[in-house]
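Below you'll find the structure, written out as structure tokens, and then a few comments.
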Amino acid sequence: MKFTGLTCSGGHGLSLSVGQSTTDSSANTVSNIEFSDCTVTNSRNGITNYGVNVQEDYYNGGSSGTPKGNIPITGLVLKDIKGSMTGSSSMPVYILCGSNGCSNWKWSGISITGSKKANSCNYTPSGFSC
């Protein structure tokens with residue numbers, strides 16, 4: 001799937017959710033996803049929580065606190081992500097991966113300003129500093 005030249009206005013941003021099985025990673029596979037030249041504007045509350053949020057424990061709209069690694073995220077490339085955020089709990093980048101759940105990520109040009117908290121990452125992509 002390719003999302004190119006997308007303008008998201010009034011929502012909470014761009015997102016992709018996948019995976020239901022907690023035991024079979026082959027049932028949780030998505031590949032060749034690309035977002036390019038996308039813009040988020042007029043978001044109802046602005047970017048108040050995370051600029052970039054990748055977590056392997058997202059469940060029913062929130063974090064379970066226990067990533068299982070049952071949804072392998074490999075080859076994630078992020079390039080030229082720029083923006084500003086507000087909010088008392090705002091964090092530019094949040095990465096929470098299960099054991100061996102994330103690998104071969106390459107990030108460059110990530111610049112998110114205005115946050116109140118530092119990045120939180122239990123996996124660090126190549127080209128990025130948490």
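Here, A, B, ... name the chains of the structure tokens in the order displayed, residue numbers run from 1 inside each chain, and ligands are numbered from 1 in the same displayed order.
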Find the residues around Ser103 in chain A up to 9 Å (only C-alpha atoms counted), leave out those fewer than 6 positions away in its own chain, and share them as a PyMOL selection string. chain A and resi 72-76+123+125
What's the 8 Å shell around Ser126 in chain A, counting only C-alpha atoms, without same-chain residues fewer than 3 positions away, as a PyMOL selection string? chain A and resi 104-107
Of the listed residues A:Asp37, A:Leu14, A:Thr7, A:Asn122, that which approaches Val93 in chain A most closely, counting only C-alpha atoms: A:Asn122
What does the distance between CA of Phe128 in chain A and CA of Gly87 in chain A come to in Å, to one decimal place?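 About the pair CA of Phe128 in chain A and CA of Gly87 in chain A: they are 23.3 Å apart.
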CA of Ser99 in chain A to CA of Lys68 in chain A: how many Å, to one decimal?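 Distance reported for this atom pair: 6.9 Å.
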Would you please work out which residue, of A:Gly69, A:Gly51, A:Gly127, A:Gly5, is nearest to Gly83 in chain A when using only C-alpha atoms?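 Once distances to Gly83 in chain A are computed over only C-alpha atoms, the minimum belongs to A:Gly51.
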